[in-house]
$ cat coords-v7.cif   # mmCIF, C-alpha atoms
data_start
#
loop_
_atom_site.label_atom_id
_atom_site.label_comp_id
_atom_site.auth_asym_id
_atom_site.auth_seq_id
_atom_site.Cartn_x
_atom_site.Cartn_y
_atom_site.Cartn_z
CA MET A 4 16.76 -12.20 -2.54
CA VAL A 5 15.59 -8.73 -3.53
CA PRO A 6 18.38 -6.80 -5.27
CA GLU A 7 19.95 -4.03 -3.18
CA GLY A 8 22.23 -1.24 -4.30
CA MET A 9 22.15 0.96 -7.37
CA ASN A 10 24.16 -1.46 -9.51
CA ALA A 11 21.87 -4.36 -8.67
CA VAL A 12 18.78 -2.29 -9.51
CA GLU A 13 20.30 -1.21 -12.81
CA ALA A 14 21.17 -4.83 -13.66
CA THR A 15 17.61 -5.85 -12.82
CA VAL A 16 16.12 -3.15 -15.06
CA ARG A 17 18.41 -4.34 -17.88
CA ASP A 18 17.32 -7.97 -17.37
CA VAL A 19 13.64 -7.02 -17.26
CA LEU A 20 13.88 -5.10 -20.55
CA ARG A 21 15.72 -8.04 -22.12
CA ASP A 22 13.16 -10.60 -20.92
CA VAL A 23 9.92 -8.66 -21.48
CA LEU A 24 10.90 -7.17 -24.84
CA SER A 25 12.82 -10.29 -25.99
CA LEU A 26 15.92 -8.20 -26.76
CA PRO A 27 19.34 -9.74 -27.36
CA GLN A 28 21.77 -9.62 -24.43
CA GLU A 29 24.24 -7.53 -26.51
CA GLN A 30 21.58 -4.87 -27.09
CA VAL A 31 20.72 -4.40 -23.39
CA ASP A 32 24.41 -4.58 -22.44
CA GLY A 33 24.85 -1.52 -24.66
CA PHE A 34 22.19 0.53 -22.82
CA SER A 35 23.51 3.64 -21.08
CA ALA A 36 21.71 6.22 -18.95
CA ASP A 37 20.71 8.28 -21.99
CA THR A 38 19.58 5.39 -24.20
CA GLU A 39 16.07 6.29 -25.31
CA LEU A 40 13.33 3.77 -24.56
CA PHE A 41 9.64 4.66 -25.06
CA GLY A 42 9.13 5.91 -28.59
CA ALA A 43 12.58 4.73 -29.66
CA LEU A 44 12.36 0.99 -29.00
CA PRO A 45 9.67 -0.48 -31.29
CA GLU A 46 9.26 -3.45 -28.92
CA LEU A 47 8.22 -1.14 -26.07
CA ASP A 48 4.53 -0.58 -26.85
CA SER A 49 1.95 0.19 -24.20
CA MET A 50 1.23 -3.50 -23.54
CA ALA A 51 4.93 -4.14 -23.08
CA VAL A 52 5.12 -1.21 -20.65
CA ALA A 53 2.55 -3.00 -18.49
CA GLY A 54 4.74 -6.12 -18.55
CA VAL A 55 7.89 -4.15 -17.72
CA LEU A 56 6.23 -2.46 -14.73
CA THR A 57 4.79 -5.70 -13.35
CA GLU A 58 8.05 -7.59 -13.81
CA LEU A 59 9.98 -4.78 -12.09
CA GLU A 60 7.54 -5.04 -9.18
CA ASP A 61 8.09 -8.80 -8.97
CA ARG A 62 11.87 -8.70 -9.14
CA LEU A 63 12.47 -5.64 -6.97
CA GLY A 64 9.72 -6.31 -4.43
CA ILE A 65 8.16 -2.87 -5.05
CA VAL A 66 4.69 -1.56 -5.84
CA ILE A 67 4.22 0.92 -8.68
CA GLU A 68 0.93 2.82 -8.65
CA ASP A 69 -0.43 3.54 -12.09
CA ASP A 70 -0.64 7.29 -11.40
CA GLU A 71 3.14 7.32 -10.85
CA VAL A 72 3.70 6.16 -14.42
CA ASP A 73 4.33 8.88 -16.97
CA GLY A 74 6.24 9.36 -20.20
CA GLU A 75 9.20 10.86 -18.39
CA MET A 76 10.14 7.77 -16.37
CA LEU A 77 10.05 5.68 -19.54
CA GLU A 78 11.98 8.15 -21.68
CA THR A 79 15.47 6.78 -21.10
CA PHE A 80 17.17 3.80 -19.48
CA GLY A 81 18.60 6.17 -16.87
CA ALA A 82 15.17 7.59 -16.02
CA LEU A 83 13.61 4.14 -15.65
CA THR A 84 16.50 2.96 -13.48
CA ARG A 85 16.19 6.06 -11.24
CA PHE A 86 12.43 5.50 -10.94
CA ALA A 87 12.99 1.87 -9.92
CA ALA A 88 15.82 2.73 -7.53
CA GLU A 89 13.77 5.39 -5.76
CA ARG A 90 11.28 2.66 -4.83
CA ALA A 91 13.63 -0.27 -4.31
CA LEU A 92 16.30 1.50 -2.28
CA VAL A 93 14.64 2.94 0.80
CA MET B 5 -8.03 -31.98 -24.12
CA LEU B 6 -4.51 -32.70 -25.32
CA ARG B 7 -3.27 -36.11 -24.13
CA LEU B 8 0.34 -37.25 -24.26
CA GLY B 9 2.21 -40.34 -23.15
CA PRO B 10 0.90 -43.68 -21.89
CA ASP B 11 -2.77 -44.38 -21.11
CA HIS B 12 -2.06 -45.43 -17.53
CA GLY B 13 -1.33 -43.38 -14.42
CA PRO B 14 0.21 -41.52 -12.86
CA THR B 15 -1.17 -38.68 -14.96
CA ILE B 16 -0.11 -35.07 -14.91
CA LEU B 17 -3.11 -32.76 -15.20
CA ALA B 18 -1.67 -29.51 -16.52
CA LEU B 19 -3.51 -26.26 -15.85
CA PRO B 20 -2.47 -23.44 -18.17
CA ALA B 21 -1.81 -19.85 -17.20
CA LEU B 22 -4.68 -17.43 -17.70
CA PHE B 23 -5.83 -15.47 -20.76
CA GLU B 24 -2.98 -13.80 -22.70
CA GLU B 25 -0.47 -15.59 -20.47
CA ALA B 26 -1.96 -18.91 -21.63
CA ASN B 27 -1.00 -18.09 -25.22
CA ARG B 28 2.46 -17.00 -24.23
CA THR B 29 3.21 -20.10 -22.15
CA ARG B 30 1.51 -22.81 -24.22
CA THR B 31 4.64 -23.67 -26.22
CA LEU B 32 6.64 -24.14 -23.03
CA LEU B 33 3.91 -26.15 -21.31
CA VAL B 34 3.45 -28.52 -24.26
CA ALA B 35 7.24 -28.89 -24.56
CA VAL B 36 7.40 -29.89 -20.88
CA LEU B 37 4.55 -32.40 -21.27
CA ARG B 38 6.22 -33.92 -24.34
CA ARG B 39 9.45 -34.43 -22.42
CA LEU B 40 7.53 -36.06 -19.57
CA ALA B 41 5.70 -38.30 -22.06
CA ASP B 42 9.10 -39.34 -23.42
CA HIS B 43 9.95 -40.39 -19.84
CA GLY B 44 6.79 -42.54 -19.80
CA ILE B 45 4.70 -40.11 -17.74
CA ALA B 46 1.20 -39.38 -19.03
CA GLY B 47 0.01 -35.80 -19.39
CA ALA B 48 -3.32 -34.10 -20.01
CA LEU B 49 -3.83 -30.45 -20.94
CA PRO B 50 -7.47 -29.32 -20.94
CA ASP B 51 -8.67 -26.04 -22.38
CA LEU B 52 -10.33 -24.10 -19.59
CA PRO B 53 -13.81 -22.98 -20.81
CA GLY B 54 -13.32 -19.66 -22.61
CA GLN B 55 -9.60 -20.27 -23.22
CA GLY B 56 -7.54 -22.02 -25.87
CA ASP B 57 -9.67 -24.08 -28.26
CA SER B 58 -12.74 -24.02 -26.00
CA PRO B 59 -15.91 -23.03 -27.91
CA LEU B 60 -17.09 -20.84 -25.01
CA PRO B 61 -16.57 -17.09 -25.59
CA THR B 62 -13.83 -15.68 -23.36
CA ALA B 63 -16.33 -13.18 -21.94
CA ALA B 64 -18.35 -16.11 -20.50
CA ALA B 65 -15.39 -17.56 -18.56
CA ARG B 66 -15.97 -17.80 -14.82
CA LEU B 67 -13.84 -19.35 -12.12
CA SER B 68 -16.57 -21.76 -11.04
CA THR B 69 -16.86 -23.24 -14.55
CA TRP B 70 -13.07 -23.54 -14.74
CA ARG B 71 -13.09 -25.49 -11.50
CA GLU B 72 -15.89 -27.74 -12.72
CA ALA B 73 -14.06 -28.33 -16.02
CA ALA B 74 -10.77 -29.11 -14.28
CA ALA B 75 -12.52 -31.53 -11.92
CA ALA B 76 -14.39 -33.14 -14.83
CA ALA B 77 -11.11 -33.56 -16.73
CA ALA B 78 -9.50 -35.10 -13.64
CA ALA B 79 -12.37 -37.60 -13.35
CA THR B 80 -11.62 -39.02 -16.83
CA LEU B 81 -7.89 -39.56 -16.22
CA PRO B 82 -6.11 -42.63 -14.83
CA GLY B 83 -4.80 -41.87 -11.35
CA PRO B 84 -2.95 -40.98 -9.34
CA ILE B 85 -3.25 -37.40 -10.60
CA HIS B 86 -0.50 -34.86 -10.10
CA LEU B 87 -1.38 -31.24 -10.82
CA VAL B 88 1.03 -29.03 -12.72
CA ALA B 89 -0.18 -25.43 -12.78
CA LEU B 90 1.36 -22.42 -14.46
CA ARG B 91 0.86 -19.02 -12.84
CA GLY B 92 -2.82 -18.34 -12.06
CA GLY B 93 -3.89 -21.73 -13.43
CA ALA B 94 -3.57 -23.10 -9.91
CA MET B 95 -6.77 -21.24 -9.00
CA ALA B 96 -8.76 -23.64 -11.21
CA ALA B 97 -7.54 -26.61 -9.19
CA ALA B 98 -9.27 -25.89 -5.90
CA THR B 99 -11.73 -28.80 -6.04
CA ILE B 100 -9.48 -31.58 -7.36
CA ALA B 101 -8.23 -34.31 -5.05
CA ALA B 102 -4.72 -34.77 -6.42
CA ALA B 103 -1.75 -36.72 -5.11
CA SER B 104 0.38 -33.57 -5.34
CA GLY B 105 0.60 -30.08 -6.77
CA TRP B 106 3.50 -28.47 -8.62
CA HIS B 107 3.26 -24.74 -9.33
CA LEU B 108 5.39 -22.59 -11.62
CA SER B 109 5.52 -18.97 -10.46
CA PRO B 110 2.09 -18.92 -8.80
CA LEU B 111 0.46 -15.62 -7.95
CA THR B 112 -2.47 -14.79 -5.74
CA GLY B 113 -5.89 -14.04 -7.15
CA ALA B 114 -5.52 -10.42 -6.06
CA GLU B 115 -2.19 -10.15 -7.90
CA GLN B 116 -3.70 -11.76 -11.00
CA ALA B 117 -6.64 -9.34 -10.99
CA ARG B 118 -4.28 -6.39 -10.58
CA GLU B 119 -2.12 -7.53 -13.52
CA LEU B 120 -5.20 -7.94 -15.70
CA ARG B 121 -6.49 -4.48 -14.79
CA ARG B 122 -3.09 -2.98 -15.64
CA LEU B 123 -3.13 -4.76 -18.99
CA ARG B 124 -6.60 -3.40 -19.67
CA ALA B 125 -5.53 0.15 -18.85
CA ALA B 126 -2.49 -0.24 -21.13
CA GLY B 127 -4.77 -1.21 -24.01
CA GLY B 128 -6.93 1.90 -23.70
CA SER B 129 -9.46 0.15 -21.40
CA GLN B 130 -11.10 -1.70 -24.30
CA ASP B 131 -10.22 -5.25 -23.36
CA TYR B 132 -7.48 -7.31 -21.74
CA ALA B 133 -4.74 -7.68 -24.39
CA GLY B 134 -7.37 -8.79 -26.90
CA ASN B 135 -9.48 -10.82 -24.45
CA THR B 136 -12.92 -9.70 -23.34
CA ILE B 137 -13.21 -10.71 -19.68
CA ALA B 138 -16.36 -10.25 -17.59
CA ASP B 139 -16.10 -7.93 -14.58
CA ALA B 140 -17.50 -10.81 -12.55
CA MET B 141 -14.56 -13.00 -13.61
CA ILE B 142 -12.04 -10.37 -12.53
CA ASP B 143 -13.90 -10.22 -9.23
CA ASP B 144 -13.84 -14.05 -8.97
CA LEU B 145 -10.08 -14.00 -9.44
CA ALA B 146 -9.50 -11.11 -7.06
CA HIS B 147 -10.97 -13.15 -4.23
CA ALA B 148 -9.72 -16.61 -5.23
CA PRO B 149 -7.41 -18.38 -2.83
CA LEU B 150 -4.59 -20.57 -4.10
CA PRO B 151 -5.17 -24.24 -3.30
CA ASP B 152 -3.31 -25.21 -0.15
CA GLY B 153 -2.84 -28.91 -0.78
CA ALA B 154 -0.72 -30.83 1.69
CA ARG B 155 2.00 -31.77 -0.79
CA THR B 156 2.85 -28.81 -3.02
CA ARG B 157 6.08 -27.72 -4.66
CA VAL B 158 6.70 -24.19 -5.92
CA VAL B 159 9.26 -23.42 -8.64
CA ARG B 160 10.12 -19.89 -9.74
CA LEU B 161 12.54 -18.36 -12.21
CA ALA B 162 15.90 -16.92 -11.23
CA GLY B 163 15.02 -13.21 -11.15
CA ASP B 164 11.99 -13.73 -8.89
CA PRO B 165 12.96 -13.09 -5.26
CA ARG B 166 9.81 -14.63 -3.76
CA PRO B 167 10.18 -17.85 -1.78
CA ALA B 168 10.14 -21.13 -3.70
CA ASP B 169 11.38 -24.69 -3.32
CA ARG B 170 13.66 -24.04 -6.27
CA HIS B 171 14.66 -21.20 -8.60
CA LEU B 172 15.55 -22.13 -12.20
CA ALA B 173 17.40 -20.04 -14.79
CA GLY B 174 15.24 -18.65 -17.59
CA ALA B 175 13.16 -15.69 -18.74
CA PRO B 176 9.43 -15.66 -17.89
CA PRO B 177 7.62 -16.48 -21.15
CA TRP B 178 4.33 -15.08 -19.78
CA ARG B 179 5.84 -11.57 -20.00
CA ALA B 180 7.31 -11.87 -23.49
CA ALA B 181 5.16 -10.52 -26.33
CA GLU B 182 7.07 -12.71 -28.79
CA ALA B 183 7.42 -16.36 -27.90
CA VAL B 184 11.05 -17.34 -27.44
CA ALA B 185 11.72 -21.08 -27.42
CA ASP B 186 13.73 -22.08 -24.36
CA PRO B 187 14.48 -25.82 -24.63
CA ALA B 188 16.87 -25.66 -21.66
CA LEU B 189 14.08 -24.32 -19.44
CA ALA B 190 11.66 -26.99 -20.73
CA ASP B 191 14.28 -29.67 -19.92
CA ALA B 192 14.85 -28.32 -16.43
CA LEU B 193 11.13 -28.05 -15.64
CA ALA B 194 10.37 -31.55 -16.94
CA GLN B 195 13.21 -33.02 -14.88
CA ASP B 196 12.03 -31.20 -11.78
CA ILE B 197 8.44 -32.45 -12.24
CA ALA B 198 9.54 -36.03 -12.93
CA ALA B 199 11.70 -36.09 -9.78
CA TRP B 200 8.89 -34.51 -7.75
CA ILE B 201 6.20 -37.01 -8.66
CA ALA B 202 8.64 -39.93 -8.28
CA GLY B 203 9.46 -38.71 -4.76
#

$ encode --input "coords-v7.cif" --output "structure tokens"
Amino acid sequence: MVPEGMNAVEATVRDVLRDVLSLPQEQVDGFSADTELFGALPELDSMAVAGVLTELEDRLGIVIEDDEVDGEMLETFGALTRFAAERALV
Amino acid sequence: MLRLGPDHGPTILALPALFEEANRTRTLLVAVLRRLADHGIAGALPDLPGQGDSPLPTAAARLSTWREAAAAAAATLPGPIHLVALRGGAMAAATIAAASGWHLSPLTGAEQARELRRLRAAGGSQDYAGNTIADAMIDDLAHAPLPDGARTRVVRLAGDPRPADRHLAGAPPWRAAEAVADPALADALAQDIAAWIAG
């Protein structure tokens, strides 16, 4: 079942970051809207970004076009969750 | 070709995931085959030409040679043969007459090509996460159908909402840059495969 609702999308983004970046559960549990991601998390290099985007597509049943991807949506956990929710919750 | 377990059939012919995903999933796939061998089920894991320990350069890999290699491997194994394919590996199986197919998180050729192109863009358009892949191979994959064998089982991981015969708990190792051993997932996959081929 594709996750619906803001909380479900946020939980999915958390799980995707945990699984793609191989982060401990405690670390992703501690993420809040203003937790910095790209540039702050050493695990999140450009290859990992590709994995995060593709895994978000798989789990949320969305399509992300590459020209929609910019530094801003990857800046914080809140920004990435909003980006995902805008596509998943229509 | 890695061989495990007894030298009589049935034999599991395992087809690895593709390119960088093959590296990321090899530990899991070998762990699953070892568990099956411990149950007395034979396994064979070929290197697709241009992948793994194959002497062919990755840039020379083409889908047609993968299919020939998979069929040639199948011809040397004691039957009946059951295919176990990870991800896009199923696309190499199109010409094998197998007793059954078991697929972990399969994706279409078009999806595979899209993922590879995204990976290439992420790496500054030089190569595909360290692999040089011919444009013709990407084109092969983009148009490759998944085999539609009569008796096929699809297993996916818990976060994946797409339809499957079963969803198992675990993180997808093909997405993880650093391999994380997941013995519980290897156990669950091996048990599912053993029950499937016994059925």

$ interface_residues --input "coords-v7.cif" --of "chain B" --to "chain A" --cutoff "6 Å" --atoms "all atoms listed in the file" --output "PyMOL selection string"
chain B and resi 123+126+163-165+175+179-180

$ resolve_selection --input "coords-v7.cif" --expression "the PyMOL selection byres ((chain B and resi 76) around 12)" --output "JSON, numbers by chain"
{"B": [5, 17, 50, 51, 52, 53, 69, 70, 71, 72, 73, 74, 75, 77, 78, 79, 80, 81, 96, 97, 99, 100, 101]}

$ closest_residue --input "coords-v7.cif" --among "B:Asp186, B:Asp42, B:Glu25, B:Glu115" --to "Ala198 in chain B" --atoms "only C-alpha atoms"
B:Asp42

$ resolve_selection --input "coords-v7.cif" --expression "the PyMOL selection byres ((chain A and resi 89) around 12)" --output "VMD selection string"
chain A and resid 7 to 9 12 to 13 63 65 to 67 71 76 82 to 88 90 to 93

$ axis_aligned_box --input "coords-v7.cif" --around "range 67-84 of chain B" --padding-each-side "4 Å" --output "JSON"
{"center_x": -9.9, "center_y": -31.0, "center_z": -13.1, "size_x": 21.9, "size_y": 31.3, "size_z": 15.5}

$ atom_distance --input "coords-v7.cif" --atom1 "CA of Ala11 in chain A" --atom2 "CA of Asp169 in chain B"
23.5 Å

$ residues_around --input "coords-v7.cif" --residues "Arg157 in chain B" --least-positions-apart "6" --cutoff "10 Å" --atoms "only C-alpha atoms" --output "MDAnalysis selection string"
chainID B and resid 88 104:108 168:170 196:197 200

$ residues_around --input "coords-v7.cif" --residues "range 37-43 of chain A" --least-positions-apart "3" --cutoff "6 Å" --atoms "all atoms listed in the file" --output "ChimeraX atom specification"
/A:34,77-81

$ atom_distance --input "coords-v7.cif" --atom1 "CA of Gln195 in chain B" --atom2 "CA of Pro14 in chain B"
15.7 Å

$ atom_distance --input "coords-v7.cif" --atom1 "CA of Ala148 in chain B" --atom2 "CA of Ala94 in chain B"
10.1 Å

$ closest_residue --input "coords-v7.cif" --among "B:Arg39, B:Arg121, B:His147, B:His12" --to "Asn135 in chain B" --atoms "all atoms listed in the file"
B:Arg121

$ decode --input "coords-v7.cif" --residues "range 157-188 of chain B" --atoms "C-alpha atoms" --output "JSON list (two decimals), in the first residue's frame"
[["chain", "number", "residue", "atom", "x", "y", "z"],
["B", 157, "ARG", "CA", 6.84, -15.94, -7.65],
["B", 158, "VAL", "CA", 7.63, -12.32, -6.80],
["B", 159, "VAL", "CA", 8.98, -11.28, -3.40],
["B", 160, "ARG", "CA", 9.52, -7.65, -2.41],
["B", 161, "LEU", "CA", 10.69, -5.86, 0.72],
["B", 162, "ALA", "CA", 8.34, -4.31, 3.23],
["B", 163, "GLY", "CA", 8.55, -0.66, 2.14],
["B", 164, "ASP", "CA", 7.81, -1.45, -1.51],
["B", 165, "PRO", "CA", 4.10, -0.96, -2.22],
["B", 166, "ARG", "CA", 4.12, -2.73, -5.59],
["B", 167, "PRO", "CA", 2.25, -6.03, -5.86],
["B", 168, "ALA", "CA", 4.08, -9.20, -4.86],
["B", 169, "ASP", "CA", 3.30, -12.70, -3.65],
["B", 170, "ARG", "CA", 4.98, -11.79, -0.38],
["B", 171, "HIS", "CA", 6.60, -8.78, 1.30],
["B", 172, "LEU", "CA", 9.49, -9.47, 3.70],
["B", 173, "ALA", "CA", 10.99, -7.15, 6.32],
["B", 174, "GLY", "CA", 14.42, -5.73, 5.45],
["B", 175, "ALA", "CA", 16.27, -2.83, 3.86],
["B", 176, "PRO", "CA", 17.08, -3.05, 0.13],
["B", 177, "PRO", "CA", 20.82, -3.79, -0.08],
["B", 178, "TRP", "CA", 20.95, -2.65, -3.72],
["B", 179, "ARG", "CA", 20.43, 0.94, -2.51],
["B", 180, "ALA", "CA", 22.97, 0.90, 0.31],
["B", 181, "ALA", "CA", 26.42, 2.29, -0.52],
["B", 182, "GLU", "CA", 27.88, 0.33, 2.40],
["B", 183, "ALA", "CA", 27.01, -3.33, 2.60],
["B", 184, "VAL", "CA", 25.07, -4.15, 5.75],
["B", 185, "ALA", "CA", 24.86, -7.84, 6.62],
["B", 186, "ASP", "CA", 21.26, -8.89, 7.21],
["B", 187, "PRO", "CA", 21.28, -12.56, 8.26],
["B", 188, "ALA", "CA", 17.57, -12.43, 9.14]]
